[in-house]
$ cat final_9.tsv   # TSV, C-alpha atoms and all ligand atoms
chain	number	residue	atom	x	y	z
A	22	MET	CA	90.50	-75.88	17.15
A	23	VAL	CA	86.80	-76.27	17.90
A	24	GLU	CA	85.84	-78.07	21.07
A	25	TYR	CA	82.69	-80.09	21.15
A	26	PHE	CA	80.70	-80.77	24.27
A	27	THR	CA	77.41	-82.18	25.45
A	28	TYR	CA	74.97	-81.15	28.13
A	29	PRO	CA	74.20	-83.76	30.82
A	30	GLU	CA	70.48	-83.54	30.08
A	31	LEU	CA	71.10	-84.00	26.29
A	32	PRO	CA	73.89	-86.58	26.24
A	33	ASP	CA	73.61	-87.57	22.57
A	34	ARG	CA	73.61	-84.07	21.08
A	35	GLN	CA	76.88	-82.44	20.21
A	36	PHE	CA	77.33	-78.75	20.82
A	37	PHE	CA	80.15	-76.33	20.15
A	38	ARG	CA	80.87	-72.66	20.73
A	39	CYS	CA	80.26	-70.69	17.53
A	40	ASP	CA	82.45	-67.56	17.39
A	41	ARG	CA	80.52	-66.00	14.54
A	42	ARG	CA	77.13	-66.22	16.18
A	43	LYS	CA	78.57	-65.92	19.69
A	44	ALA	CA	76.46	-68.81	20.90
A	45	SER	CA	76.58	-72.45	21.81
A	46	LEU	CA	75.11	-74.31	18.88
A	47	GLN	CA	74.10	-77.84	18.24
A	48	VAL	CA	76.19	-79.27	15.39
A	49	THR	CA	73.12	-80.38	13.42
A	50	ALA	CA	71.52	-76.94	13.81
A	51	CYS	CA	74.72	-75.30	12.54
A	52	ALA	CA	74.76	-77.61	9.50
A	53	GLY	CA	71.14	-76.75	8.75
A	54	MET	CA	71.81	-73.02	9.01
A	55	TRP	CA	74.81	-73.29	6.70
A	56	VAL	CA	72.77	-75.15	4.08
A	57	GLU	CA	69.97	-72.59	4.32
A	58	ALA	CA	72.41	-69.67	4.20
A	59	ASN	CA	73.95	-71.01	1.00
A	60	GLY	CA	70.68	-71.88	-0.67
A	61	LYS	CA	68.32	-69.85	-2.77
A	62	ALA	CA	66.44	-67.09	-0.94
A	63	ALA	CA	68.76	-67.29	2.05
A	64	PRO	CA	67.42	-65.15	4.91
A	65	GLU	CA	69.48	-62.16	5.99
A	66	ARG	CA	69.69	-63.39	9.58
A	67	LEU	CA	71.98	-66.17	8.32
A	68	ASP	CA	74.48	-63.86	6.59
A	69	GLN	CA	77.21	-64.83	9.05
A	70	CYS	CA	76.77	-68.50	8.18
A	71	ARG	CA	77.16	-68.17	4.43
A	72	ASN	CA	80.93	-68.32	4.04
A	73	CYS	CA	81.65	-70.22	7.25
A	74	PRO	CA	84.12	-73.09	6.75
A	75	LEU	CA	83.07	-74.74	10.02
A	76	GLY	CA	79.42	-74.72	8.99
A	77	ALA	CA	80.43	-76.29	5.67
A	78	LYS	CA	82.31	-79.01	7.51
A	79	HIS	CA	79.32	-79.71	9.74
A	80	ALA	CA	77.12	-79.87	6.64
A	81	GLY	CA	79.50	-82.42	5.12
A	82	VAL	CA	80.58	-80.13	2.31
A	83	GLY	CA	84.30	-80.15	1.76
A	84	GLU	CA	85.83	-77.42	-0.28
A	85	ILE	CA	83.80	-74.26	-0.05
A	86	SER	CA	84.44	-70.96	-1.66
A	87	LEU	CA	86.17	-68.46	0.58
A	88	SER	CA	86.11	-65.85	-2.12
A	89	PRO	CA	85.01	-62.51	-0.71
A	90	LEU	CA	82.83	-62.13	-3.81
A	91	ARG	CA	80.81	-65.23	-2.98
A	92	GLY	CA	77.15	-64.35	-2.51
A	93	MET	CA	77.77	-60.61	-2.72
A	94	SER	CA	75.11	-58.47	-4.31
A	95	ILE	CA	77.57	-57.11	-6.82
A	96	CYS	CA	77.13	-56.30	-10.49
A	97	ALA	CA	79.57	-58.49	-12.42
A	98	ARG	CA	79.97	-55.88	-15.17
A	99	CYS	CA	80.80	-52.68	-13.26
A	100	GLU	CA	81.74	-54.51	-10.02
A	101	GLN	CA	79.71	-52.12	-7.91
A	102	GLY	CA	77.48	-53.26	-5.10
A	103	ALA	CA	73.81	-53.16	-6.04
A	104	THR	CA	70.64	-53.38	-3.99
A	105	ARG	CA	69.00	-55.37	-6.77
A	106	LEU	CA	70.47	-57.44	-9.57
A	107	VAL	CA	68.61	-57.93	-12.83
A	108	ARG	CA	68.84	-61.57	-14.02
A	109	LYS	CA	70.84	-62.02	-10.76
A	110	HIS	CA	73.75	-60.53	-12.69
A	111	LEU	CA	73.60	-56.83	-13.58
A	112	CYS	CA	72.86	-53.64	-11.67
A	113	ILE	CA	69.96	-51.54	-12.95
A	114	SER	CA	72.33	-49.08	-14.60
A	115	CYS	CA	74.30	-51.70	-16.55
A	116	TYR	CA	71.07	-53.48	-17.47
A	117	ASN	CA	69.52	-50.27	-18.84
A	118	ARG	CA	72.64	-49.42	-20.79
A	119	GLU	CA	72.75	-52.94	-22.23
A	120	ARG	CA	69.12	-52.63	-23.35
A	121	GLU	CA	69.86	-49.29	-25.03
A	122	PHE	CA	72.87	-50.85	-26.72
A	123	LEU	CA	70.84	-53.81	-27.99
A	124	LYS	CA	68.06	-51.51	-29.23
A	125	GLY	CA	70.60	-49.24	-30.85
A	126	ARG	CA	69.38	-46.06	-29.20
A	127	ASN	CA	69.53	-44.46	-25.80
A	128	ALA	CA	67.00	-42.31	-23.93
A	129	ARG	CA	67.94	-39.32	-26.11
A	130	GLY	CA	67.23	-41.31	-29.26
A	131	SER	CA	70.83	-41.53	-30.44
A	132	ALA	CA	72.99	-44.62	-30.86
A	133	PRO	CA	74.97	-45.59	-27.76
A	134	VAL	CA	78.64	-45.36	-28.66
A	135	LYS	CA	80.41	-45.96	-25.36
A	136	HIS	CA	78.87	-49.32	-24.54
A	137	PRO	CA	81.34	-52.22	-24.89
A	138	GLN	CA	80.59	-54.98	-27.37
A	139	LEU	CA	78.82	-58.02	-25.95
A	140	HIS	CA	80.15	-61.51	-26.49
A	141	GLN	CA	78.85	-64.97	-25.75
A	142	LEU	CA	81.75	-66.38	-23.75
A	143	GLU	CA	82.22	-69.66	-21.97
A	144	ILE	CA	84.56	-70.39	-19.10
A	145	ARG	CA	85.70	-73.69	-17.65
A	146	PHE	CA	86.58	-74.05	-14.01
A	147	GLN	CA	86.82	-76.54	-11.22
A	148	ALA	CA	84.23	-76.16	-8.45
A	149	GLY	CA	85.06	-78.51	-5.59
A	150	PRO	CA	85.60	-81.87	-7.31
A	151	GLU	CA	83.54	-81.01	-10.40
A	152	ILE	CA	84.57	-79.43	-13.68
A	153	GLU	CA	81.97	-76.88	-14.66
A	154	ARG	CA	81.28	-74.63	-17.60
A	155	VAL	CA	79.39	-71.39	-17.61
A	156	ALA	CA	78.41	-69.55	-20.76
A	157	MET	CA	76.98	-66.04	-20.67
A	158	THR	CA	76.62	-62.94	-22.76
A	159	VAL	CA	79.12	-60.57	-21.23
A	160	ALA	CA	81.09	-57.43	-22.04
A	161	SER	CA	84.43	-58.87	-20.89
A	162	ARG	CA	86.13	-62.01	-19.67
A	163	GLN	CA	86.58	-60.41	-16.30
A	164	GLU	CA	82.82	-60.04	-16.00
A	165	LEU	CA	82.47	-63.80	-16.40
A	166	VAL	CA	85.13	-64.48	-13.76
A	167	VAL	CA	83.44	-62.13	-11.29
A	168	ALA	CA	80.08	-63.81	-11.97
A	169	VAL	CA	81.52	-67.29	-11.34
A	170	LEU	CA	83.20	-66.21	-8.09
A	171	ARG	CA	80.01	-64.51	-6.98
A	172	ASP	CA	77.67	-67.37	-7.87
A	173	THR	CA	79.59	-70.55	-7.03
A	174	SER	CA	79.42	-71.84	-3.47
A	175	LYS	CA	82.25	-74.32	-3.90
A	176	HIS	CA	85.91	-73.47	-4.04
A	177	VAL	CA	86.67	-72.29	-7.58
A	178	THR	CA	89.87	-72.93	-9.50
A	179	PHE	CA	90.18	-71.52	-12.98
A	180	ALA	CA	92.33	-72.89	-15.77
A	181	PHE	CA	91.83	-76.47	-14.75
A	182	GLU	CA	91.33	-79.43	-16.98
A	183	ALA	CA	92.04	-83.04	-15.99
A	184	GLY	CA	95.46	-84.06	-17.25
A	185	ARG	CA	96.19	-80.57	-18.51
A	186	PRO	CA	97.01	-78.46	-15.50
A	187	ASN	CA	98.55	-75.60	-17.46
A	188	LEU	CA	95.93	-74.23	-19.76
A	189	LEU	CA	96.99	-71.24	-21.75
A	190	GLN	CA	95.06	-68.07	-21.12
A	191	GLY	CA	93.53	-68.23	-24.58
A	192	GLU	CA	92.22	-71.76	-23.99
A	193	LEU	CA	90.47	-70.85	-20.78
A	194	PHE	CA	87.68	-69.13	-22.60
A	195	GLY	CA	85.83	-70.80	-25.43
B	1	ZN	ZN	76.73	-52.53	-13.09

$ encode --input "final_9.tsv" --output "structure tokens"
Amino acid sequence: MVEYFTYPELPDRQFFRCDRRKASLQVTACAGMWVEANGKAAPERLDQCRNCPLGAKHAGVGEISLSPLRGMSICARCEQGATRLVRKHLCISCYNREREFLKGRNARGSAPVKHPQLHQLEIRFQAGPEIERVAMTVASRQELVVAVLRDTSKHVTFAFEAGRPNLLQGELFG
């Protein structure tokens, strides 16, 4: 349970003790840091704020993703960490192999044979209160799931459709 307090000289500002940052923070400052940490081009100094449920609460955002994949710099195809993601999705290696596959020849001039087929797949999921759809060209359904968990800041539930709680596996992907 978080305890809130005020300082006598700042009676109308609420503070609390933040365990993650090991500091007393003003609630509004915490909310601002959480929003920045979950936005585009989030600075590294706010890494601890990104998946913080308390920060989300202070920012007035209800259900946030607590997936460990959320915001990770991870390639959705090979699931390895990457220092840089091409199209915010693939590591350099997977990207290069995909290009060779699409061109029909690799660096040695021969046709790539081991590369998986690529498919345009769509997935439906619930993100917070919204139903969302994401469509991407991927090598597998799992790649799409990893991408959604990585890229969605709200709590994600797959296989959800209003009035039809039990979607069959085959209906989940369009
Ligand atoms: Zn990769």

$ residues_near_ligand --input "final_9.tsv" --ligand "ligand ZN 1 (chain B)" --cutoff "10 Å" --atoms "only C-alpha atoms and all ligand atoms" --output "list of chain:residue names"
A:Ile95, A:Cys96, A:Ala97, A:Arg98, A:Cys99, A:Glu100, A:Gln101, A:Gly102, A:Ala103, A:Leu106, A:Val107, A:His110, A:Leu111, A:Cys112, A:Ile113, A:Ser114, A:Cys115, A:Tyr116, A:Asn117, A:Arg118, A:Glu119

$ write_last_selection --input "final_9.tsv" --atoms "C-alpha atoms" --output "PDB file, keeping the file's coordinate frame"
ATOM      1  CA  ILE A  95      77.570 -57.110  -6.820  1.00  0.00           C
ATOM      2  CA  CYS A  96      77.130 -56.300 -10.490  1.00  0.00           C
ATOM      3  CA  ALA A  97      79.570 -58.490 -12.420  1.00  0.00           C
ATOM      4  CA  ARG A  98      79.970 -55.880 -15.170  1.00  0.00           C
ATOM      5  CA  CYS A  99      80.800 -52.680 -13.260  1.00  0.00           C
ATOM      6  CA  GLU A 100      81.740 -54.510 -10.020  1.00  0.00           C
ATOM      7  CA  GLN A 101      79.710 -52.120  -7.910  1.00  0.00           C
ATOM      8  CA  GLY A 102      77.480 -53.260  -5.100  1.00  0.00           C
ATOM      9  CA  ALA A 103      73.810 -53.160  -6.040  1.00  0.00           C
ATOM     10  CA  LEU A 106      70.470 -57.440  -9.570  1.00  0.00           C
ATOM     11  CA  VAL A 107      68.610 -57.930 -12.830  1.00  0.00           C
ATOM     12  CA  HIS A 110      73.750 -60.530 -12.690  1.00  0.00           C
ATOM     13  CA  LEU A 111      73.600 -56.830 -13.580  1.00  0.00           C
ATOM     14  CA  CYS A 112      72.860 -53.640 -11.670  1.00  0.00           C
ATOM     15  CA  ILE A 113      69.960 -51.540 -12.950  1.00  0.00           C
ATOM     16  CA  SER A 114      72.330 -49.080 -14.600  1.00  0.00           C
ATOM     17  CA  CYS A 115      74.300 -51.700 -16.550  1.00  0.00           C
ATOM     18  CA  TYR A 116      71.070 -53.480 -17.470  1.00  0.00           C
ATOM     19  CA  ASN A 117      69.520 -50.270 -18.840  1.00  0.00           C
ATOM     20  CA  ARG A 118      72.640 -49.420 -20.790  1.00  0.00           C
ATOM     21  CA  GLU A 119      72.750 -52.940 -22.230  1.00  0.00           C
TER      22      GLU A 119
END

$ atom_distance --input "final_9.tsv" --atom1 "CA of Ala52 in chain A" --atom2 "CA of Lys78 in chain A"
7.9 Å

$ atom_distance --input "final_9.tsv" --atom1 "CA of Val56 in chain A" --atom2 "CA of Met22 in chain A"
22.0 Å

$ atom_distance --input "final_9.tsv" --atom1 "CA of Gln35 in chain A" --atom2 "CA of Leu67 in chain A"
20.7 Å

$ closest_residue --input "final_9.tsv" --among "A:Val169, A:Cys73, A:Ala62, A:Met54" --to "Asp40 in chain A" --atoms "all atoms listed in the file"
A:Cys73

$ residues_around --input "final_9.tsv" --residues "Lys135 in chain A" --least-positions-apart "5" --cutoff "12 Å" --atoms "only C-alpha atoms" --output "MDAnalysis selection string"
chainID A and resid 118:119 121:122 125:127 160

$ residues_around --input "final_9.tsv" --residues "Leu170 in chain A" --least-positions-apart "5" --cutoff "9 Å" --atoms "all atoms listed in the file" --output "list of chain:residue names"
A:Ser86, A:Ser88, A:Pro89, A:Leu90, A:Arg91, A:Gly92, A:Leu165, A:His176, A:Val177

$ residues_around --input "final_9.tsv" --residues "Phe146 in chain A" --least-positions-apart "5" --cutoff "6 Å" --atoms "all atoms listed in the file" --output "list in words"
Ile152, Glu153, Thr178, Phe179 and Phe181 of chain A

$ residues_around --input "final_9.tsv" --residues "Ser161 in chain A" --least-positions-apart "5" --cutoff "9 Å" --atoms "only C-alpha atoms" --output "PyMOL selection string"
chain A and resi 98+137-140+142

$ closest_residue --input "final_9.tsv" --among "A:Thr173, A:Gln69, A:Gln163, A:Thr49" --to "Phe37 in chain A" --atoms "all atoms listed in the file"
A:Thr49
